[in-house]
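Student: Data file protein_1.txt (compact mmCIF, C-alpha atoms) is appended below.
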# COMPACT_ATOMS: atom_id res chain seq x y z
CA MET A 19 66.32 -12.74 3.33
CA ARG A 20 69.26 -12.04 1.00
CA ARG A 21 66.90 -11.80 -1.98
CA LEU A 22 64.69 -9.35 -0.10
CA ILE A 23 67.65 -7.10 0.84
CA ILE A 24 68.82 -7.05 -2.79
CA LEU A 25 65.28 -6.36 -3.98
CA LEU A 26 64.79 -3.42 -1.61
CA PHE A 27 68.21 -2.01 -2.52
CA VAL A 28 67.39 -2.09 -6.23
CA VAL A 29 63.96 -0.56 -5.58
CA GLY A 30 65.52 2.26 -3.60
CA PHE A 31 68.73 2.93 -5.50
CA PHE A 32 67.29 3.37 -8.96
CA SER A 33 64.75 5.99 -7.91
CA ALA A 34 64.58 9.75 -8.16
CA ASP A 35 63.55 12.44 -5.72
CA GLY A 36 60.09 11.64 -4.38
CA GLN A 37 59.27 15.12 -3.06
CA PRO A 38 56.29 16.58 -4.91
CA LYS A 39 56.37 20.03 -6.38
CA VAL A 40 54.31 22.15 -4.01
CA ASP A 41 52.32 24.67 -6.04
CA SER A 42 48.74 25.79 -6.32
CA ILE A 43 47.78 23.16 -8.92
CA HIS A 44 49.36 20.25 -7.04
CA SER A 45 47.80 21.23 -3.71
CA GLN A 46 44.35 21.45 -5.32
CA TYR A 47 44.54 17.90 -6.68
CA ILE A 48 46.85 15.94 -4.34
CA LYS A 49 47.48 15.86 -0.61
CA THR A 50 50.60 14.09 0.67
CA TYR A 51 51.20 12.39 4.03
CA ARG A 52 55.00 12.35 4.17
CA ASP A 53 54.95 13.19 7.88
CA HIS A 54 52.82 10.13 8.79
CA PHE A 55 53.35 6.41 9.03
CA PHE A 56 50.57 3.89 8.40
CA VAL A 57 49.79 0.34 9.49
CA TRP A 58 47.05 -1.99 8.31
CA PRO A 59 45.94 -5.61 8.26
CA VAL A 60 45.76 -6.99 4.73
CA PHE A 61 43.61 -9.72 3.24
CA LYS A 62 44.55 -10.96 -0.23
CA ARG A 63 43.42 -13.34 -2.85
CA ARG A 64 46.65 -13.76 -4.77
CA ARG A 65 47.32 -16.36 -7.41
CA LEU A 66 50.39 -17.41 -9.30
CA ALA A 67 49.27 -19.71 -12.12
CA PHE A 68 50.38 -20.95 -15.52
CA GLU A 69 48.92 -22.50 -18.63
CA ILE A 70 50.48 -24.27 -21.60
CA GLU A 71 49.16 -24.20 -25.15
CA ARG A 72 50.15 -24.72 -28.75
CA ARG A 73 49.40 -21.93 -31.23
CA GLY A 74 49.39 -21.73 -35.00
CA PRO A 75 47.86 -24.15 -37.54
CA GLN A 76 47.70 -26.92 -34.91
CA GLU A 77 46.42 -24.63 -32.14
CA THR A 78 45.01 -26.32 -29.03
CA ASP A 79 43.08 -25.17 -25.99
CA PRO A 80 45.34 -24.12 -23.09
CA ILE A 81 45.98 -26.60 -20.29
CA ARG A 82 45.70 -24.63 -17.06
CA PHE A 83 47.42 -25.35 -13.74
CA LEU A 84 46.22 -23.68 -10.53
CA PRO A 85 47.29 -23.78 -6.87
CA ASN A 86 44.87 -24.97 -4.20
CA ASN A 87 45.24 -21.96 -1.90
CA SER A 88 44.44 -18.49 -3.09
CA PHE A 89 43.77 -16.55 0.11
CA SER A 90 46.35 -15.05 2.43
CA ALA A 91 46.36 -12.67 5.38
CA GLY A 92 49.07 -10.54 6.90
CA ILE A 93 50.15 -7.06 7.86
CA GLY A 94 51.31 -4.00 5.97
CA ALA A 95 53.02 -0.75 6.93
CA HIS A 96 54.34 2.47 5.41
CA LEU A 97 57.57 3.36 7.22
CA PHE A 98 60.60 5.41 6.14
CA ASP A 99 58.82 6.16 2.83
CA VAL A 100 58.71 2.43 2.01
CA THR A 101 55.49 0.43 1.84
CA PHE A 102 55.72 -3.31 2.52
CA GLU A 103 53.34 -6.20 3.10
CA LEU A 104 53.94 -9.70 4.36
CA SER A 105 51.25 -12.36 4.13
CA ALA A 106 50.90 -16.11 4.43
CA ALA A 107 48.37 -18.56 3.06
CA ILE A 108 45.26 -19.29 5.12
CA PRO A 109 42.87 -22.23 4.59
CA LEU A 110 39.87 -20.04 3.71
CA ASP A 111 38.08 -21.47 0.65
CA GLU A 112 40.77 -24.13 0.24
CA LYS A 113 39.36 -26.93 -1.85
CA ASN A 114 39.26 -30.57 -0.86
CA GLN A 115 42.91 -31.62 -0.71
CA ALA A 116 42.07 -35.21 -1.62
CA ARG A 117 40.50 -33.89 -4.84
CA TYR A 118 42.70 -30.87 -5.68
CA GLY A 119 45.96 -31.57 -3.88
CA GLU A 120 47.85 -29.43 -1.37
CA SER A 121 49.62 -26.15 -2.11
CA THR A 122 51.95 -23.89 -0.14
CA SER A 123 52.79 -20.24 -0.83
CA ARG A 124 54.96 -17.35 0.30
CA ASP A 125 54.32 -13.75 -0.66
CA LEU A 126 56.31 -10.60 0.13
CA THR A 127 55.92 -7.17 -1.50
CA ALA A 128 57.60 -3.78 -1.05
CA SER A 129 56.98 -0.39 -2.70
CA VAL A 130 58.81 2.92 -2.88
CA GLY A 131 58.08 6.04 -4.90
CA GLY A 132 57.63 9.75 -5.29
CA SER A 133 54.94 12.09 -6.48
CA ASN A 134 54.71 10.67 -10.01
CA TRP A 135 56.73 7.43 -10.06
CA GLY A 136 56.56 4.15 -8.23
CA LEU A 137 58.42 0.86 -7.96
CA ASP A 138 56.88 -2.36 -6.63
CA GLY A 139 59.08 -5.30 -5.72
CA LEU A 140 57.70 -8.77 -5.05
CA ILE A 141 58.83 -12.27 -4.19
CA GLN A 142 56.40 -15.17 -4.59
CA LYS A 143 56.81 -18.91 -4.41
CA TYR A 144 54.07 -21.52 -4.85
CA LYS A 145 54.36 -25.29 -4.71
CA GLY A 146 51.70 -27.84 -5.58
CA PHE A 147 49.33 -27.42 -8.55
CA TYR A 148 46.38 -29.25 -10.06
CA MET A 149 45.23 -29.39 -13.69
CA ALA A 150 42.07 -27.27 -13.76
CA ASN A 151 40.81 -28.46 -17.15
CA PRO A 152 41.70 -32.12 -17.73
CA GLY A 153 40.39 -33.81 -20.85
CA ILE A 154 37.78 -35.64 -18.81
CA ILE A 155 36.33 -33.94 -15.71
CA PRO A 156 36.74 -36.32 -12.75
CA LEU A 157 33.71 -37.67 -10.93
CA ALA A 158 32.82 -36.00 -7.63
CA THR A 159 34.57 -38.78 -5.74
CA ASP A 160 37.73 -38.74 -7.89
CA ALA A 161 40.77 -36.45 -7.86
CA TYR A 162 41.94 -33.96 -10.45
CA PRO A 163 45.41 -34.60 -11.92
CA THR A 164 47.79 -33.05 -9.38
CA ARG A 165 51.47 -32.16 -9.39
CA PRO A 166 52.68 -31.72 -5.81
CA ASP A 167 56.28 -31.61 -7.06
CA VAL A 168 55.76 -28.58 -9.35
CA SER A 169 56.95 -25.26 -7.93
CA MET A 170 56.67 -21.80 -9.45
CA SER A 171 58.52 -18.70 -8.26
CA HIS A 172 58.28 -15.08 -9.34
CA THR A 173 60.68 -12.30 -8.41
CA GLY A 174 60.38 -8.89 -9.99
CA VAL A 175 60.25 -5.12 -9.92
CA VAL A 176 57.41 -3.24 -11.63
CA GLY A 177 57.67 0.49 -12.29
CA LEU A 178 55.07 3.14 -13.17
CA TYR A 179 55.62 6.74 -14.23
CA ALA A 180 52.80 9.30 -14.48
CA PHE A 181 53.39 12.30 -16.74
CA ASN A 182 50.64 14.46 -15.21
CA LYS A 183 52.40 14.68 -11.84
CA ASN A 184 50.64 17.80 -10.55
CA ARG A 185 47.10 16.44 -10.99
CA TYR A 186 47.33 12.63 -10.85
CA SER A 187 48.57 10.55 -7.91
CA LEU A 188 49.78 6.99 -8.40
CA TRP A 189 49.81 6.33 -4.68
CA SER A 190 46.44 7.52 -3.42
CA SER A 191 44.63 4.41 -4.64
CA TYR A 192 47.12 1.67 -3.70
CA THR A 193 49.60 2.59 -0.93
CA HIS A 194 47.59 5.61 0.34
CA SER A 195 50.68 7.70 1.04
CA GLU A 196 48.82 10.43 -0.87
CA ARG A 197 45.19 11.42 -1.31
CA GLN A 198 43.61 12.41 -4.63
CA LEU A 199 41.35 15.43 -4.02
CA LYS A 200 39.83 15.88 -7.49
CA SER A 201 39.19 13.59 -10.44
CA ALA A 202 42.13 13.48 -12.86
CA GLY A 203 44.04 11.19 -15.20
CA SER A 204 47.46 10.79 -16.74
CA VAL A 205 49.36 9.05 -19.50
CA LEU A 206 51.51 6.34 -17.91
CA LEU A 207 54.70 4.50 -18.73
CA ALA A 208 54.94 1.01 -17.22
CA GLY A 209 57.92 -1.29 -17.11
CA ALA A 210 58.89 -4.56 -15.46
CA VAL A 211 61.96 -6.68 -14.85
CA SER A 212 60.94 -10.10 -13.61
CA SER A 213 61.98 -13.71 -13.44
CA PHE A 214 59.60 -16.68 -13.53
CA ARG A 215 60.85 -20.15 -12.77
CA LEU A 216 58.86 -23.35 -13.23
CA GLN A 217 60.41 -26.62 -12.11
CA ALA A 218 59.52 -30.15 -11.03
CA ASP A 219 61.08 -33.44 -10.02
CA SER A 220 60.03 -34.97 -13.36
CA VAL A 221 58.88 -33.59 -16.73
CA ILE A 222 55.98 -31.18 -16.34
CA LEU A 223 54.10 -32.42 -19.41
CA SER A 224 53.21 -36.09 -19.31
CA PRO A 225 52.92 -38.16 -22.52
CA ALA A 226 49.11 -37.90 -22.31
CA THR A 227 49.32 -34.12 -21.96
CA LEU A 228 51.72 -33.86 -24.91
CA GLN A 229 49.32 -35.92 -27.01
CA ARG A 230 46.50 -33.56 -26.09
CA LEU A 231 48.67 -30.60 -27.16
CA THR A 232 49.86 -32.46 -30.28
CA ALA A 233 53.37 -31.46 -29.20
CA THR A 234 56.66 -33.14 -28.38
CA THR A 235 58.33 -30.45 -26.24
CA SER A 236 58.60 -31.20 -22.54
CA PHE A 237 60.82 -29.89 -19.75
CA LEU A 238 61.42 -30.25 -16.03
CA ASP A 239 63.00 -26.84 -15.37
CA MET A 240 62.22 -23.56 -17.15
CA ARG A 241 63.24 -19.99 -16.36
CA SER A 242 62.20 -16.82 -18.18
CA THR A 243 63.75 -13.44 -17.39
CA THR A 244 61.60 -10.65 -18.83
CA LEU A 245 62.13 -6.99 -19.60
CA GLY A 246 58.85 -5.32 -20.58
CA ILE A 247 57.87 -1.70 -21.14
CA GLY A 248 54.79 0.01 -22.54
CA PRO A 249 52.57 3.09 -22.44
CA GLY A 250 49.20 3.27 -20.73
CA TYR A 251 46.65 5.51 -19.09
CA GLY A 252 45.24 5.87 -15.59
CA TYR A 253 42.30 7.83 -14.20
CA SER A 254 40.93 8.42 -10.69
CA PHE A 255 37.28 9.31 -10.15
CA ILE A 256 36.77 11.21 -6.88
CA TYR A 257 33.58 11.93 -4.94
CA GLN A 258 34.36 13.53 -1.58
CA ASN A 259 36.48 10.88 0.20
CA LEU A 260 35.50 8.05 -2.15
CA PHE A 261 37.71 7.07 -5.10
CA PHE A 262 37.70 4.72 -8.07
CA ASN A 263 40.90 4.19 -10.07
CA LEU A 264 41.54 2.41 -13.38
CA SER A 265 44.82 1.98 -15.25
CA PHE A 266 46.06 -0.18 -18.10
CA SER A 267 49.42 -0.47 -19.87
CA ILE A 268 50.62 -2.69 -22.69
CA GLY A 269 53.87 -3.00 -24.60
CA PRO A 270 56.60 -5.30 -25.92
CA ALA A 271 58.51 -7.72 -23.71
CA HIS A 272 61.90 -9.30 -24.28
CA HIS A 273 62.53 -12.74 -22.75
CA TRP A 274 65.73 -14.58 -22.00
CA ILE A 275 64.71 -18.24 -21.79
CA TYR A 276 66.38 -21.26 -20.25
CA TYR A 277 64.94 -24.75 -19.96
CA ARG A 278 66.16 -28.26 -19.30
CA GLY A 279 64.45 -30.62 -21.69
CA SER A 280 63.30 -34.17 -21.22
CA ASP A 281 66.64 -35.19 -22.75
CA GLY A 282 68.42 -33.70 -19.73
CA LYS A 283 70.19 -31.07 -21.84
CA ASP A 284 70.20 -27.31 -21.17
CA HIS A 285 68.69 -25.05 -23.82
CA TYR A 286 68.84 -21.24 -24.19
CA ASP A 287 66.72 -18.93 -26.35
CA ILE A 288 65.37 -15.39 -26.64
CA ALA A 289 61.89 -14.21 -27.63
CA LEU A 290 59.88 -11.01 -28.11
CA ASN A 291 56.16 -10.71 -27.36
CA SER A 292 53.85 -8.66 -25.12
CA TYR A 293 53.57 -7.46 -21.52
CA THR A 294 50.41 -6.10 -19.86
CA ASP A 295 49.73 -4.38 -16.54
CA SER A 296 46.13 -3.69 -15.46
CA ARG A 297 44.94 -2.23 -12.12
CA VAL A 298 41.61 -1.39 -10.50
CA SER A 299 41.08 0.10 -7.05
CA PHE A 300 38.21 1.70 -5.15
CA GLY A 301 37.61 2.72 -1.56
CA TYR A 302 37.61 5.50 1.02
CA ASN A 303 40.54 7.80 1.83
CA SER A 304 40.50 10.49 4.53
CA ASP A 305 43.18 12.28 6.55
CA ARG A 306 43.37 9.51 9.16
CA PHE A 307 41.44 6.47 8.00
CA PHE A 308 41.56 4.61 4.67
CA THR A 309 40.22 1.40 3.22
CA SER A 310 40.38 -0.01 -0.28
CA ILE A 311 39.82 -3.01 -2.50
CA SER A 312 42.23 -3.35 -5.42
CA PHE A 313 42.94 -5.75 -8.26
CA VAL A 314 46.27 -6.02 -10.09
CA ASN A 315 46.97 -8.43 -12.94
CA GLN A 316 50.16 -9.01 -14.94
CA THR A 317 50.64 -11.56 -17.67
CA THR A 318 53.59 -12.75 -19.77
CA THR A 319 53.95 -15.37 -22.48
CA THR A 320 57.09 -17.43 -23.11
CA LYS A 321 57.58 -19.59 -26.21
CA VAL A 322 59.48 -22.83 -25.68
CA GLU A 323 59.96 -24.48 -29.07
CA GLU A 324 56.44 -25.46 -30.23
CA ILE A 325 54.50 -24.57 -27.08
CA HIS A 326 53.67 -21.35 -25.24
CA VAL A 327 53.83 -21.02 -21.45
CA ASN A 328 51.54 -18.24 -20.20
CA THR A 329 52.24 -17.06 -16.65
CA GLU A 330 49.87 -14.91 -14.62
CA THR A 331 50.22 -13.13 -11.30
CA MET A 332 46.94 -11.79 -9.95
CA ALA A 333 46.18 -10.07 -6.65
CA PHE A 334 42.83 -9.11 -5.14
CA ARG A 335 43.62 -7.03 -2.02
CA PHE A 336 41.55 -5.63 0.84
CA VAL A 337 43.10 -3.28 3.41
CA VAL A 338 41.90 -1.11 6.30
CA GLY A 339 44.46 1.32 7.70
CA TYR A 340 45.12 4.28 9.97
CA ARG A 341 47.72 7.07 9.79
CA PHE A 342 49.86 8.17 12.73
CA LYS A 343 52.03 11.27 13.05
CA GLU A 344 55.74 10.50 12.70
CA LYS A 345 58.15 11.31 15.52
CA GLY A 346 61.85 10.74 16.12
CA LEU A 347 63.32 7.84 14.18
CA LEU A 348 60.06 7.25 12.31
CA ALA A 349 60.47 10.64 10.60
CA LYS A 350 63.50 9.32 8.72
CA THR A 351 63.29 8.02 5.12
CA TRP A 352 65.21 5.34 3.24
CA ARG A 353 67.26 8.10 1.56
CA ASP A 354 68.80 9.06 4.90
CA ALA A 355 70.68 5.74 4.96
CA PHE A 356 72.95 6.93 2.14
CA PRO A 357 75.93 9.29 2.57
CA ALA A 358 75.33 12.98 1.88
CA SER A 359 77.56 12.76 -1.21
CA TRP A 360 75.12 10.24 -2.71
CA GLN A 361 71.96 12.26 -2.18
CA LYS A 362 72.05 14.06 -5.53
CA TYR A 363 72.19 10.69 -7.32
CA ILE A 364 69.32 8.99 -5.49
CA ARG A 365 66.88 11.93 -5.33
Represent the structure of the file as structure tokens.

Tutor:
Amino acid sequence: MRRLIILLFVVGFFSADGQPKVDSIHSQYIKTYRDHFFVWPVFKRRRLAFEIERRGPQETDPIRFLPNNSFSAGIGAHLFDVTFELSAAIPLDEKNQARYGESTSRDLTASVGGSNWGLDGLIQKYKGFYMANPGIIPLATDAYPTRPDVSMSHTGVVGLYAFNKNRYSLWSSYTHSERQLKSAGSVLLAGAVSSFRLQADSVILSPATLQRLTATTSFLDMRSTTLGIGPGYGYSFIYQNLFFNLSFSIGPAHHWIYYRGSDGKDHYDIALNSYTDSRVSFGYNSDRFFTSISFVNQTTTTKVEEIHVNTETMAFRFVVGYRFKEKGLLAKTWRDAFPASWQKYIR
């Protein structure tokens, strides 16, 4: 709970005024629903996964680790100008635990934004992984190599800024606090501050796995704090109440790396590589009712001595929601919680 409070405070404090500029151009392209609150059930296929590889002259194929539960269900709401979703794993499409092991997961997201900017905060934790591509595929009656002791957590804030604020809405396709009325696009600026942690009771790479990678580096605890930023472009295609949105951003990422090696010693390093953010969403959006299917994928790569650890967070999301008119307390926003003297700094 403490991490969530800190996350929401950061998401809210470092934001600017979310009120759109009401003019003839904006009203032709974007309709806002600031005087409504929304609720919806949510169904997700979210995955937090990692792979390890060696690049360069002795490059090897990546060794990929996946969890054995990818579906979750929960509830979402847009209240006080904050969008949040809480979901938990469900056994739908869970593979045979005797063959693929057992996994647990927690997933919490929150979003806040204005007419042309948005911040998404998320907390994820998965435990229990299996090796998806072992050197020899097990027989149908045998088990894949599993690591029930391996846990992976991801905490981060992702920001998007759209330069064409009077014609392009960031929110109409994902949180539905706005509605795009005409097709339009915009140059984007994406950024992320995130922390991945990968740890286990014993070294994550066994001697056999190291031999397959032709590497000697192994660790039992690794943490990578990443600052990434890059330009991109987004476009929404509109036909009546139907929409289809695409966006992609790519740029450099700076990593602060910590790991505890197989020797039990702590190691620290820094690295520079790439960060990507890709999003797809389509659905139906009217004044009261909305539904959408969206896909968001973010990847980072961390170099630990002679190996690379690639982490991926992917979300496939289906929502069906309804808007209600705000009254009384529900008409408040998160900005109202701050003293009047602070308003000019947080708008």

Student: Write out as JSON lines a residue-level contact list of region 198-225 of chain A versus region 316-333 of chain A with cut-off 10 Å: for each qualifying residue the closest pair of atoms and the distance in Å to one decimal, counting only C-alpha atoms, rows sorted by chain and residue number upward.

Tutor:
{"residue": "A:Ala210", "atom": "CA", "partner": "A:Gln316", "partner_atom": "CA", "distance": 9.8}
{"residue": "A:Ser212", "atom": "CA", "partner": "A:Thr318", "partner_atom": "CA", "distance": 9.9}
{"residue": "A:Phe214", "atom": "CA", "partner": "A:Thr329", "partner_atom": "CA", "distance": 8.0}
{"residue": "A:Arg215", "atom": "CA", "partner": "A:Thr329", "partner_atom": "CA", "distance": 9.9}
{"residue": "A:Leu216", "atom": "CA", "partner": "A:Thr329", "partner_atom": "CA", "distance": 9.8}

Student: I'd like the neighbourhood of region 45-49 of chain A as an MDAnalysis selection string, where a residue qualifies if any of its atoms comes within 10 Å (using only C-alpha atoms), though same-chain residues fewer than 6 positions away should be ignored.

Tutor: chainID A and resid 38:39 133 183:187 190 195:202 305

Student: Can you work out which one of A:Pro59, A:Gly250, A:Gly282, A:Gly339 has the shortest atom-to-atom distance to Glu103 (chain A), counting all atoms listed in the file?

Tutor: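 Using all atoms listed in the file, Glu103 (chain A) sits closest to A:Pro59.
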
Student: Residues within 12 Å of His285 (chain A), please, as a list in words. Count only C-alpha atoms; anything in the same chain fewer than 5 positions from it doesn't count.

Tutor: Thr235, Ser236, Phe237, Leu238, Asp239, Met240, Arg241, Ser242, Trp274, Ile275, Tyr276, Tyr277, Arg278, Gly279, Ser280, Val322 and Glu323 of chain A

Student: What is the CA of His54 (chain A)-CA of Leu206 (chain A) distance in Å, reported with one decimal?

Tutor: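 Between CA of His54 (chain A) and CA of Leu206 (chain A) the gap is 27.0 Å.
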
Student: Between CA of Val338 (chain A) and CA of Ser310 (chain A), what is the spacing in Å?

Tutor: 6.8 Å

Student: Residues around (46.4, 7.7, -18.5), cut-off 9 Å, counting all atoms listed in the file - what are they as a list in words?

Tutor: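 Looking at atoms near the point gives Ala180, Phe181, Asn182, Gly203, Ser204, Val205, Leu206, Leu207, Pro249, Gly250, Tyr251, Gly252, Tyr253, Leu264, Ser265, Phe266 and Ser267 of chain A.
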
Student: I need the residue nearest Tyr286 (chain A) from this list: A:Gly92, A:Ser299, A:Thr232, A:Thr243. Use only C-alpha atoms for the distance.

Tutor: A:Thr243

Student: State, in Å with one decimal place, the distance from CA of Asn259 (chain A) to CA of Gly136 (chain A).

Tutor: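 For CA of Asn259 (chain A) relative to CA of Gly136 (chain A), the distance reads 22.8 Å.
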
Student: Between A:Val130, A:Ile288, A:Met170, A:Ile81, which one has atoms that come closest to Val100 (chain A), using only C-alpha atoms?

Tutor: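 The answer is A:Val130, which sits nearest to Val100 (chain A).
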
Student: Taking (56.5, -9.5, -26.4) as a centre in this file's frame and 9 Å as the limit, can you find every polymer residue with an atom that close, using all atoms listed in the file, and give them as a ChimeraX atom specification?

Tutor: /A:246,269-273,289-293,318-320

Student: Calculated over only C-alpha atoms, which of the candidates A:Thr227, A:Gln217, A:Ser105, A:Gln115 has the smallest distance to Asp79 (chain A)?

Tutor: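 That would be A:Thr227, the residue with the smallest distance to Asp79 (chain A).
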
Student: Which centre and edge lengths in Å to one decimal define the box along x, y and z that fits every listed atom of region 272-290 of chain A plus 3 Å per side, as AutoDock Vina command-line options?

Tutor:
--center_x 65.0 --center_y -22.2 --center_z -23.7 --size_x 16.3 --size_y 31.9 --size_z 14.8

Student: Extract, using all atoms listed in the file, all DNA, RNA and protein residues at most 10 Å from Lys143 (chain A), discarding same-chain residues fewer than 4 positions from it, and format them as a VMD selection string.

Tutor: chain A and resid 66 122 to 126 169 to 173 214 to 215

Student: With only C-alpha atoms as the atoms that count, which of A:Val337, A:Arg73, A:Gly153, A:Ala128 lies nearest to Arg230 (chain A)?

Tutor: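 Among A:Val337, A:Arg73, A:Gly153, A:Ala128, it is A:Gly153 that comes nearest to Arg230 (chain A).
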
Student: Would you list the contacts of Ser312 (chain A) as an MDAnalysis selection string, taking every protein, DNA or RNA residue within 12 Å and counting all atoms listed in the file, but skipping same-chain residues closer than 2 positions in sequence?

Tutor: chainID A and resid 60:64 190:194 261:265 296:302 309:310 314:315 332:338
